[in-house]
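A.B. asks: One structure, pasted below without further comment.
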Amino acid sequence: MLRDGKAITVSGITREFGPATAVDGISFEVDRGEFFGFLGPNGAGKTTLIRMLTTLLKPTSGQAIVSGFDVAEDPARVRKHIGVVPQAMTSDLDLTGRENMDIYGRFYGIRSGERKERIEYLLEMVGLAPRADDLVATYSGGMRRRLEIARVLVHKPALLFLDEPTIGLDPQSRRVVWELLKKLMQGDSITIFLTTHYMEEAELLCGRVAIIDAGKIIAMGSPAALKAGIPGNDIVTLKVGGLTDEIIGAMEKLPFVHKVSREEDSLAASVDNGAENLPQLIDVVRASGGAIVAASVHEQSLEDVFIHYTGKSIREEEARKVSFLIGAGMPQRLGR
Ligand SMILES: Nc1ncnc2c1ncn2[C@@H]1O[C@H](COP(=O)(O)OP(=O)(O)O)[C@@H](O)[C@H]1O
Ligand SMILES: [Mg+2]
């Protein structure tokens, strides 16, 4: 039934909203049993893509085959084989955890005995068995997320879609969800498709990652391959008093420096070996009249891969979005 054993085959999928193109001609394949992630900033098109793959939104053009069926031509068949955890929490606060799961199991027509057994097993698996008969209204965000993951597993989907599963969770709850997803991958041969804007989440969980920006895939591969595909190994960040273009120019001439980018009074240099190269970088700053305010070294991450291809950071994008929202909420100037 599955074409070439692929869980997902997408070719040139596009979605327009009026004049705006949210997803712009994306193509990729996901093998059965893969943990595949889409990493990208807010507004990159992740939710639009996942909504098309899960039959909730029609593509403007292009094609997606999910679990062997075309999402546009055979949506009901696709839905039978997938589980979807949307970005917003959808469990019913006025019901208990177990009741939430039971309604879902009935919807999929699973018979009573089997349903009870499966729900018991899943509640245990996500660590909610002791709270199963409490109202969801009394759950923490992390517990609610775990319940929603357990719930979509009731009908044993071959393919699980998760849209930003840890968004808004505190670091500890996030880690619990990560452990749960890792555990899922060890069990039955399930395929997981996840979107996230947390690079550490993609790096920790995904066997393969597509980096998405402005509706397009800009790079794709295993986290290790993506990092190996950009120059340098470490990033040295220096906060410099009196930072000038001259300092940056001098630094770019050093043989072990691959790229230097500047953000206000800080610079980030991608280098061969951070710890070894740091003293010489500091010398260059001082020789050009700059003062070191702070210095740090870190290994290149998927964040640096994103910066390499787009010239901006995922985080920066977020910050800009927030300030834009604050700006939009400001009262209009009077007396025009
Ligand atoms: N229903 C819609 N109508 C108009 N524009 C939309 C709609 N849904 C998403 N968009 C736009 O499409 C782009 C991608 O959004 P989305 O897929 O939600 O991104 P992400 O999930 O990566 O944050 C954004 O610019 C967003 O404003
Ligand atoms: Mg989204």
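Residues in the structure tokens are named by chain (A, B, ... in the order shown) and by number from 1 within that chain; ligands are numbered from 1 in the order shown.
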Which residues, written as a list in words, have at least one atom at most 6 Å from stretch 187-204 of chain A, with only C-alpha atoms counted and residues fewer than 4 positions away on the same chain left out?

C.D. replies: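 Here the answer would be Arg32, Gly33, Glu34, Phe35, Phe36, Gly37, Phe38, Leu39, Gly40, Pro41, Ala158, Leu159, Leu160, Phe161, Leu162, Asp163, Glu164, Pro223 and Leu302 of chain A.
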
A.B. asks: May I have the residues within 6 Å of A:Gly274 as a ChimeraX atom specification, using only C-alpha atoms and disregarding those fewer than 2 positions away in the same chain?

C.D. replies: /A:234,236,276-278,297

A.B. asks: Include C-alpha atoms and write out the residues we just selected as a CSV table (one decimal), in the first residue's frame.

C.D. replies:
chain,number,residue,atom,x,y,z
A,234,ASP,CA,32.8,26.6,16.6
A,236,VAL,CA,33.3,32.6,19.1
A,276,GLU,CA,42.5,27.4,20.4
A,277,ASN,CA,41.7,30.4,18.3
A,278,LEU,CA,40.2,32.7,21.0
A,297,VAL,CA,32.7,29.9,22.7

A.B. asks: Per DSSP on the backbone, what are the helix (DSSP H, G or I) residues of stretch 236-323 of chain A, as number ranges by chain?

C.D. replies: A: 245-252, 274-287, 302-310, 314-323

A.B. asks: Give me, please, the distance in Å between atom 22 (O, counted along the ligand's line) of ligand 1 and atom CA of A:Thr54, quoted to one decimal.

C.D. replies: 15.5 Å

A.B. asks: Which residues are close to stretch 80-92 of chain A, i.e. within 10 Å by only C-alpha atoms, leaving aside same-chain residues fewer than 5 positions away? Reply as a count of residues only.

C.D. replies: 48

A.B. asks: Around ligand 1, out to 8 Å and counting only C-alpha atoms and all ligand atoms, which residues are there? I want them as a PyMOL selection string.

C.D. replies: chain A and resi 16-18+20-23+40-49+163+197+214-215

A.B. asks: Using backbone DSSP assignments, extract all strand (DSSP E or B) residues from stretch 109-277 of chain A; output them as a PyMOL selection string.

C.D. replies: chain A and resi 135+159-163+191-196+208-213+216-221+234-241+257-263+266-271

A.B. asks: Write the residues of the preceding selection, restricted to N, CA and C atoms, as a compact mmCIF listing (two decimals), in the first residue's frame.

C.D. replies:
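Okay, out.txt is ready:
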# COMPACT_ATOMS: atom_id res chain seq x y z
N LEU A 135 -10.09 15.96 36.32
CA LEU A 135 -10.44 16.82 35.19
C LEU A 135 -9.18 17.40 34.56
N LEU A 159 1.55 6.93 11.41
CA LEU A 159 2.24 8.18 11.17
C LEU A 159 1.69 9.24 12.12
N LEU A 160 2.59 9.88 12.85
CA LEU A 160 2.18 10.86 13.85
C LEU A 160 2.68 12.24 13.47
N PHE A 161 1.77 13.23 13.41
CA PHE A 161 2.13 14.61 13.11
C PHE A 161 2.02 15.44 14.39
N LEU A 162 3.08 16.20 14.68
CA LEU A 162 3.06 17.06 15.86
C LEU A 162 3.49 18.47 15.45
N ASP A 163 2.62 19.46 15.68
CA ASP A 163 2.94 20.84 15.32
C ASP A 163 3.40 21.58 16.57
N THR A 191 6.17 6.42 12.32
CA THR A 191 6.89 7.52 11.69
C THR A 191 6.43 8.80 12.38
N ILE A 192 7.37 9.68 12.71
CA ILE A 192 6.99 10.93 13.35
C ILE A 192 7.42 12.12 12.49
N PHE A 193 6.46 13.03 12.29
CA PHE A 193 6.72 14.27 11.57
C PHE A 193 6.43 15.41 12.54
N LEU A 194 7.44 16.21 12.81
CA LEU A 194 7.29 17.25 13.82
C LEU A 194 7.73 18.60 13.27
N THR A 195 7.08 19.66 13.72
CA THR A 195 7.58 20.99 13.39
C THR A 195 8.01 21.66 14.69
N THR A 196 8.98 22.53 14.59
CA THR A 196 9.45 23.23 15.79
C THR A 196 10.21 24.48 15.39
N ARG A 208 16.37 13.38 10.66
CA ARG A 208 16.56 14.30 9.55
C ARG A 208 15.73 15.55 9.77
N VAL A 209 16.28 16.68 9.32
CA VAL A 209 15.62 17.97 9.53
C VAL A 209 15.58 18.73 8.21
N ALA A 210 14.42 19.35 7.93
CA ALA A 210 14.36 20.32 6.83
C ALA A 210 14.27 21.69 7.49
N ILE A 211 15.14 22.59 7.08
CA ILE A 211 15.08 23.95 7.62
C ILE A 211 14.24 24.78 6.65
N ILE A 212 13.21 25.42 7.20
CA ILE A 212 12.25 26.15 6.37
C ILE A 212 12.27 27.63 6.73
N ASP A 213 12.23 28.46 5.70
CA ASP A 213 12.16 29.90 5.91
C ASP A 213 11.34 30.49 4.77
N LYS A 216 9.97 28.14 2.05
CA LYS A 216 10.86 27.30 1.24
C LYS A 216 11.82 26.50 2.12
N ILE A 217 12.18 25.29 1.63
CA ILE A 217 13.22 24.53 2.31
C ILE A 217 14.58 25.11 1.92
N ILE A 218 15.37 25.50 2.92
CA ILE A 218 16.67 26.09 2.57
C ILE A 218 17.81 25.11 2.79
N ALA A 219 17.57 24.05 3.56
CA ALA A 219 18.59 23.01 3.76
C ALA A 219 17.89 21.79 4.35
N MET A 220 18.44 20.59 4.06
CA MET A 220 17.80 19.36 4.57
C MET A 220 18.87 18.30 4.77
N GLY A 221 18.76 17.56 5.87
CA GLY A 221 19.71 16.49 6.15
C GLY A 221 19.70 16.14 7.63
N ASP A 234 33.27 25.86 15.43
CA ASP A 234 32.83 26.55 16.64
C ASP A 234 32.48 28.01 16.32
N ILE A 235 31.68 28.58 17.20
CA ILE A 235 31.35 30.00 17.09
C ILE A 235 31.95 30.72 18.29
N VAL A 236 32.75 31.75 18.04
CA VAL A 236 33.26 32.61 19.11
C VAL A 236 32.45 33.89 19.07
N THR A 237 31.82 34.21 20.18
CA THR A 237 31.06 35.46 20.26
C THR A 237 31.81 36.43 21.16
N LEU A 238 32.02 37.62 20.66
CA LEU A 238 32.73 38.64 21.44
C LEU A 238 31.87 39.89 21.52
N LYS A 239 31.70 40.39 22.74
CA LYS A 239 31.08 41.70 22.90
C LYS A 239 32.23 42.69 23.03
N VAL A 240 32.21 43.70 22.16
CA VAL A 240 33.39 44.57 22.06
C VAL A 240 33.01 46.02 22.29
N GLY A 241 33.73 46.68 23.20
CA GLY A 241 33.57 48.12 23.37
C GLY A 241 34.32 48.79 22.23
N VAL A 257 39.49 31.81 10.44
CA VAL A 257 38.16 32.43 10.53
C VAL A 257 37.42 32.25 9.20
N HIS A 258 36.17 31.73 9.28
CA HIS A 258 35.42 31.47 8.06
C HIS A 258 34.42 32.57 7.75
N LYS A 259 33.87 33.15 8.80
CA LYS A 259 32.82 34.14 8.58
C LYS A 259 32.67 34.95 9.86
N VAL A 260 32.43 36.24 9.73
CA VAL A 260 32.18 37.06 10.91
C VAL A 260 30.88 37.82 10.67
N SER A 261 29.96 37.71 11.62
CA SER A 261 28.74 38.51 11.48
C SER A 261 28.61 39.41 12.69
N ARG A 262 27.97 40.55 12.49
CA ARG A 262 27.90 41.56 13.53
C ARG A 262 26.45 41.82 13.91
N GLU A 263 26.22 41.96 15.19
CA GLU A 263 24.92 42.38 15.68
C GLU A 263 25.15 43.41 16.77
N SER A 266 28.22 43.29 19.26
CA SER A 266 28.75 41.93 19.36
C SER A 266 29.10 41.40 17.98
N LEU A 267 30.10 40.55 17.95
CA LEU A 267 30.41 39.86 16.70
C LEU A 267 30.46 38.36 16.95
N ALA A 268 30.13 37.61 15.93
CA ALA A 268 30.19 36.15 16.02
C ALA A 268 31.07 35.65 14.89
N ALA A 269 32.15 34.96 15.26
CA ALA A 269 33.08 34.45 14.25
C ALA A 269 32.99 32.94 14.20
N SER A 270 32.77 32.38 13.01
CA SER A 270 32.81 30.92 12.89
C SER A 270 34.25 30.52 12.57
N VAL A 271 34.81 29.65 13.42
CA VAL A 271 36.24 29.34 13.37
C VAL A 271 36.47 27.82 13.40

A.B. asks: Quick check, in Å to one decimal: how far apart do atom CA of A:Thr96 and atom CA of A:Gly113 lie?

C.D. replies: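 Atom-to-atom, atom CA of A:Thr96 and atom CA of A:Gly113 are spaced 19.2 Å apart.
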
A.B. asks: I'd like the interatomic distance between atom CA of A:Thr55 and atom CA of A:Ala72, to a tenth of an Å.

C.D. replies: 7.0 Å
